[in-house]
Amino acid sequence: MESGKRLLREMVRIRCVEEVLADLYRDEQEMRTPTHFSIGQEAVAVGVCAAAGPDDVAYCGHRSHGPYLAKGGDLRAMVAELYGKATGCAGGRGGSVHLTSPDTGFIGATAILAESISLAVGAGWAFALEGAPRVAITFFGDGAAEEGAFHEALNFAATQRAPVLFVCENNGYSISSPLRARQPYGTTIWERARGYGMASRQLDGNDVFAVHAAAREAVEWCRDGRGPYFLELRTYRWREHVGPNWDYDEGYRTKAELDSWMERCPIKVAAAGLSAAHPDIDEEVAGWRREFRQEVLDAVTAAKADPFPAVADLLQGAYES
Amino acid sequence: MRKLKYREAIGEATVQCMKADPRIVLAGQNVDDHKGGHGTTTDAFRVFGPSRVLDIPNSENAVAGIAVGAASMGMRPLVVHARADFMFLAMDGLINLAAKWRYMYGDKGGVPVVMRGIVGRGWGQGATHSQNLHSVFGHFPGLYVATPASPADAKGLLVSALRNETPVVLLENRGLYEIEGEVPENPEPVPFGKGRIVRTGSDVTIVAASLMVQEAERAAGLLAEQAISAEVVDVRSIRPLDEAIICTSVAKTGRLVVADTSWARYGLAAEVAAVVAENVHGALLGPVRRVTLPDSPAPVSWPLEEAFHPNARTIAAACLDVLGGDPTLPMREMTDITAGFVGPY
Ligand SMILES: Cc1ncc(C[n+]2csc(CCOP(=O)(O)OP(=O)(O)O)c2C)c(N)n1
Ligand SMILES: [Mg+2]
């Protein structure tokens with residue numbers, strides 16, 4: 001399959017997975033783990049991870065499903081983790097905010113802001129020390145960019161010329177708090193990164209093709225030993241901060257704002273971009289939707305049949321056994 | 001007396017204290033939104049607006065130092081953390097500055113910073129969103145650390161915190177937020193270092209903190225059905241710790257069970273046992289038992305999460321054990337106080 005279509009298909013997959021899971025999360029109340037859906041933000045994870053090689057690694061924050069899946073994480077293991085099952089990718093110990101898939105280079109999602117940033121810098125530093133041609137990628141939000149660790153880690157990475165791709169997924173909010181309430185008006189996150197002397201760019205995070213092209217360049221840059229690279233990608237979260245519901249009527253944002261971003265849905269945008277060369281792209285997308293719906297429903301069925309971890313094993317993993 | 005929920009009591013104390021003292025400013029992430037820190041900051045924001053109730057950037061490390069700096073200029077910052085776990089990022093300001101300020105600068109004055117940390121509980125909060133840090137903070141001289149277990153104490157201890165000159169950490173277990181109880185309308189301070197006898201008894205003393213006080217009370221009910229009389233002591237603040245109330249009770253009952261919401265090692269339960277061993281060891285008629293968390297991080301999967309948290313039945317079983325009875329004796333089923341809590345958080 002051609003690259004453009006592959007990117008679209010991967011976004012459709014993540015969208016279907018999250019939409020199905022969000023409904024079940026709300027209706028069944030069986031996934032008892034605080035879950036941050038990334039519906040509307042798929043282009044970031046997909047565009048970036050498609051630019052990464054199998055030996056490159058990724059870390060991310062609490063909004064973890066997109067990066068986990070885009071970096072090749074197993075869907076069944078993710079769904080089982082949400083249901084708290086022993087077959088989950090973290091054995092039911094970690095939940096939605098601690099997804100992990102080391103085999104595919106998705107090392108871990110983290111629940112404390114900015115941890116993913118320091119971790120990736122550590123990984124990149126290790127690659128630099130080993131002289132390994134590998135790149136460490138970190139996904140984090142605009143809110144995490146306010147933590148001290150963000151600044152300390154950028155400084156370290158730039159000083160050590162560590163091969164780290166910083167991906168700031170700027171969706172304009174930290175929970176209910178808009179960016180303008182938290183960061184000085186007229187300033188940008190990507191320019192702050194440039195202040196540390198690293199290559200840095202801002203672009204439309206809902207345009208998967210642009211994201212992918214920029215990420216490819218950035219990954220090359222890092223792999224060539226030219227130091228870290230920073231991408232600020234503007235996007236928008238559709239659902240509530242944590243949980244499956246819509247929250248545009250809670251006062252901190254407007255329906256009009258949400259609508260304007262839904263107009264610029266990354267899937268819509270990508271499909272429109274491909275439609276000239278592929279006039280039947282919409283039917284194809286509809287077909288993928290059916291396919292992925294079934295895939296996630298199968299994963300749910302499997303997860304439900306799987307056992308919970310045994311209470312007798314509660315302590316297992318606190319120390320090496 | 002009229003009744004309030006635990007979270008409403010916190011909100012009321014905040015508004016009353018801020019009205020009385022213009023130096024108090026409330027700062028926390030998202031304190032101004034529709035959820036208002038589970039409703040604990042909603043009224044304050046409505047009454048005082050964004051100049052005194054501030055939605056702050058995600059910068060726990062600097063904010064702790066900023067609060068200390070503001071306090072050094074006479075302000076009284078009340079900083080709220082949506083999860084106590086985020087306070088690990090605030091440790092430098094809190095421990096290296098606030099706790100030591102008065103002493104380190106030759107006793108010229110204190111920095112009355114107040115930090116509230118909400119302890120997550122239920123719905124798979126997991127390893128990094130449900131930790132009870134009172135023992136961590138309790139280790140350091142120069143801080144007061146309180147763990148209110150009732151709506152009245154949630155109000156009274158916050159009032160004390162906002163009036164005294166020592167930095168204070170208040171840890172509120174979210175499992176208590178919906179609990180209702182009588183709360184005085186006036187802002188009456190509950191002093192630090194004064195425990196509370198929740199229920200009198202003669203056979204065994206259960207010393208507890210925070211959510212475990214509620215569970216201990218229910219445990220005492222279970223034990224009463226077996227004709228065992230348990231005395232329940234709520235420490236209220238773990239620093240200063242009311243040693244007298246603990247020792248007096250143990251001297252009377254001769255048996256001690258300590259129920260904590262955190263781990264056993266180097267924690268509150270160990271401290272209470274040490275206080276008893278040092279002061280009234282002769283009164284002990286049996287071993288001390290600590291009812292604490294299993295020695296692992298908190299799991300998410302709900303059967304594990306349920307097994308992870310001690311409750312009324314585990315406390316009652318520990319009491320039977322120290323009384324030389326059969327801890328496996330069948331007891332009435334009891335659902336956790338926090339049962340029924342639903343997400344998405
Ligand atoms: C150190 C720390 N402080 C606060 C939180 C609570 N918290 C969880 S997610 C979040 C919002 C972060 O916003 P952003 O980084 O922009 O990510 P988004 O949720 O928008 O994807 C906050 C404040 C946390 N997890 N860790
Ligand atoms: Mg954000």
# chains A, B, ... in the order shown; residues from 1 in each chain; ligands from 1
>>> interface_residues(of="chain A", to="chain B", cutoff="9 Å", atoms="only C-alpha atoms", output="ChimeraX atom specification")
/A:25-26,29,31-35,81-86,91-95,111-113,143-148,174-177,181-183,242-244,250-252,308-311,313-319
>>> closest_atom_pairs(of="chain A", to="ligand 2", cutoff="6 Å", atoms="only C-alpha atoms and all ligand atoms", output="tab-separated table")
residue	atom	partner	partner_atom_place_in_ligand_line	distance
A:Gly141	CA	ligand 2	1 (Mg)	4.6
A:Asp142	CA	ligand 2	1 (Mg)	4.6
A:Gly143	CA	ligand 2	1 (Mg)	5.2
A:Asn170	CA	ligand 2	1 (Mg)	5.4
A:Asn171	CA	ligand 2	1 (Mg)	4.5
A:Gly172	CA	ligand 2	1 (Mg)	5.3
A:Tyr173	CA	ligand 2	1 (Mg)	4.1
A:Ser174	CA	ligand 2	1 (Mg)	4.5
>>> closest_residue(among="A:Gly108, A:Gly53, A:Gly61, A:Gly47", to="ligand 1", atoms="only C-alpha atoms and all ligand atoms")
A:Gly61
>>> atom_distance(atom1="atom CA of B:Pro287", atom2="atom CA of B:Phe192")
29.0 Å
>>> residues_around(residues="A:Trp221", least_positions_apart="5", cutoff="12 Å", atoms="only C-alpha atoms", output="PDB file with N, CA and C atoms, in the first residue's frame")
ATOM      1  N   ALA A  51       7.549   7.502  10.746  1.00  0.00           N
ATOM      2  CA  ALA A  51       8.876   7.978  10.338  1.00  0.00           C
ATOM      3  C   ALA A  51       9.981   7.296  11.135  1.00  0.00           C
ATOM      4  N   PRO A 133      22.906   3.952  15.979  1.00  0.00           N
ATOM      5  CA  PRO A 133      22.138   4.831  15.079  1.00  0.00           C
ATOM      6  C   PRO A 133      20.649   4.774  15.400  1.00  0.00           C
ATOM      7  N   ARG A 134      20.306   5.042  16.628  1.00  0.00           N
ATOM      8  CA  ARG A 134      18.904   4.940  17.057  1.00  0.00           C
ATOM      9  C   ARG A 134      18.428   6.303  17.551  1.00  0.00           C
ATOM     10  N   VAL A 135      17.108   6.473  17.508  1.00  0.00           N
ATOM     11  CA  VAL A 135      16.514   7.746  17.916  1.00  0.00           C
ATOM     12  C   VAL A 135      15.477   7.476  19.010  1.00  0.00           C
ATOM     13  N   ARG A 161      24.003  16.621  22.635  1.00  0.00           N
ATOM     14  CA  ARG A 161      23.650  16.289  21.248  1.00  0.00           C
ATOM     15  C   ARG A 161      23.022  14.906  21.157  1.00  0.00           C
ATOM     16  N   ALA A 162      22.106  14.656  22.076  1.00  0.00           N
ATOM     17  CA  ALA A 162      21.461  13.339  22.129  1.00  0.00           C
ATOM     18  C   ALA A 162      20.436  13.212  20.998  1.00  0.00           C
ATOM     19  N   PRO A 163      20.336  12.041  20.391  1.00  0.00           N
ATOM     20  CA  PRO A 163      19.385  11.833  19.298  1.00  0.00           C
ATOM     21  C   PRO A 163      17.956  11.675  19.825  1.00  0.00           C
ATOM     22  N   VAL A 164      17.345  12.793  20.133  1.00  0.00           N
ATOM     23  CA  VAL A 164      15.998  12.778  20.712  1.00  0.00           C
ATOM     24  C   VAL A 164      15.071  13.612  19.844  1.00  0.00           C
ATOM     25  N   LEU A 165      13.940  13.022  19.506  1.00  0.00           N
ATOM     26  CA  LEU A 165      12.903  13.780  18.806  1.00  0.00           C
ATOM     27  C   LEU A 165      11.819  14.144  19.825  1.00  0.00           C
ATOM     28  N   MET A 198      18.443  23.968  19.679  1.00  0.00           N
ATOM     29  CA  MET A 198      18.161  22.774  18.875  1.00  0.00           C
ATOM     30  C   MET A 198      17.252  23.119  17.689  1.00  0.00           C
ATOM     31  N   ALA A 199      17.300  22.264  16.697  1.00  0.00           N
ATOM     32  CA  ALA A 199      16.419  22.435  15.550  1.00  0.00           C
ATOM     33  C   ALA A 199      14.979  22.312  16.027  1.00  0.00           C
ATOM     34  N   SER A 200      14.129  23.225  15.568  1.00  0.00           N
ATOM     35  CA  SER A 200      12.761  23.224  16.088  1.00  0.00           C
ATOM     36  C   SER A 200      11.797  23.787  15.062  1.00  0.00           C
ATOM     37  N   ALA A 214       7.839  16.033   8.131  1.00  0.00           N
ATOM     38  CA  ALA A 214       8.689  16.734   9.096  1.00  0.00           C
ATOM     39  C   ALA A 214       9.383  15.740  10.019  1.00  0.00           C
ATOM     40  N   ALA A 215       8.647  14.712  10.421  1.00  0.00           N
ATOM     41  CA  ALA A 215       9.215  13.728  11.346  1.00  0.00           C
ATOM     42  C   ALA A 215      10.328  12.930  10.664  1.00  0.00           C
ATOM     43  N   ARG A 216      10.154  12.646   9.371  1.00  0.00           N
ATOM     44  CA  ARG A 216      11.210  11.917   8.653  1.00  0.00           C
ATOM     45  C   ARG A 216      12.502  12.723   8.633  1.00  0.00           C
ATOM     46  N   ARG A 226      23.267  14.906  14.585  1.00  0.00           N
ATOM     47  CA  ARG A 226      23.265  16.374  14.600  1.00  0.00           C
ATOM     48  C   ARG A 226      22.540  16.934  15.827  1.00  0.00           C
ATOM     49  N   GLY A 227      22.223  16.061  16.759  1.00  0.00           N
ATOM     50  CA  GLY A 227      21.593  16.537  17.996  1.00  0.00           C
ATOM     51  C   GLY A 227      20.090  16.359  17.969  1.00  0.00           C
ATOM     52  N   PRO A 228      19.415  16.876  18.999  1.00  0.00           N
ATOM     53  CA  PRO A 228      17.973  16.683  19.117  1.00  0.00           C
ATOM     54  C   PRO A 228      17.184  17.544  18.130  1.00  0.00           C
ATOM     55  N   TYR A 229      15.899  17.232  18.027  1.00  0.00           N
ATOM     56  CA  TYR A 229      15.011  17.960  17.119  1.00  0.00           C
ATOM     57  C   TYR A 229      13.669  18.118  17.821  1.00  0.00           C
ATOM     58  N   PHE A 230      13.070  19.272  17.658  1.00  0.00           N
ATOM     59  CA  PHE A 230      11.818  19.563  18.371  1.00  0.00           C
ATOM     60  C   PHE A 230      10.707  19.853  17.365  1.00  0.00           C
TER      61      PHE A 230
END
>>> select_by_dssp(residues="stretch 8-196 of chain A", states="alpha helix (DSSP H)", output="ChimeraX atom specification")
/A:8-28,42-49,65-70,75-82,115-130,148-160,179-182,189-194
>>> residues_around(residues="B:Ala98", least_positions_apart="4", cutoff="7 Å", atoms="only C-alpha atoms", output="VMD selection string")
chain B and resid 68 93 to 94 111 167
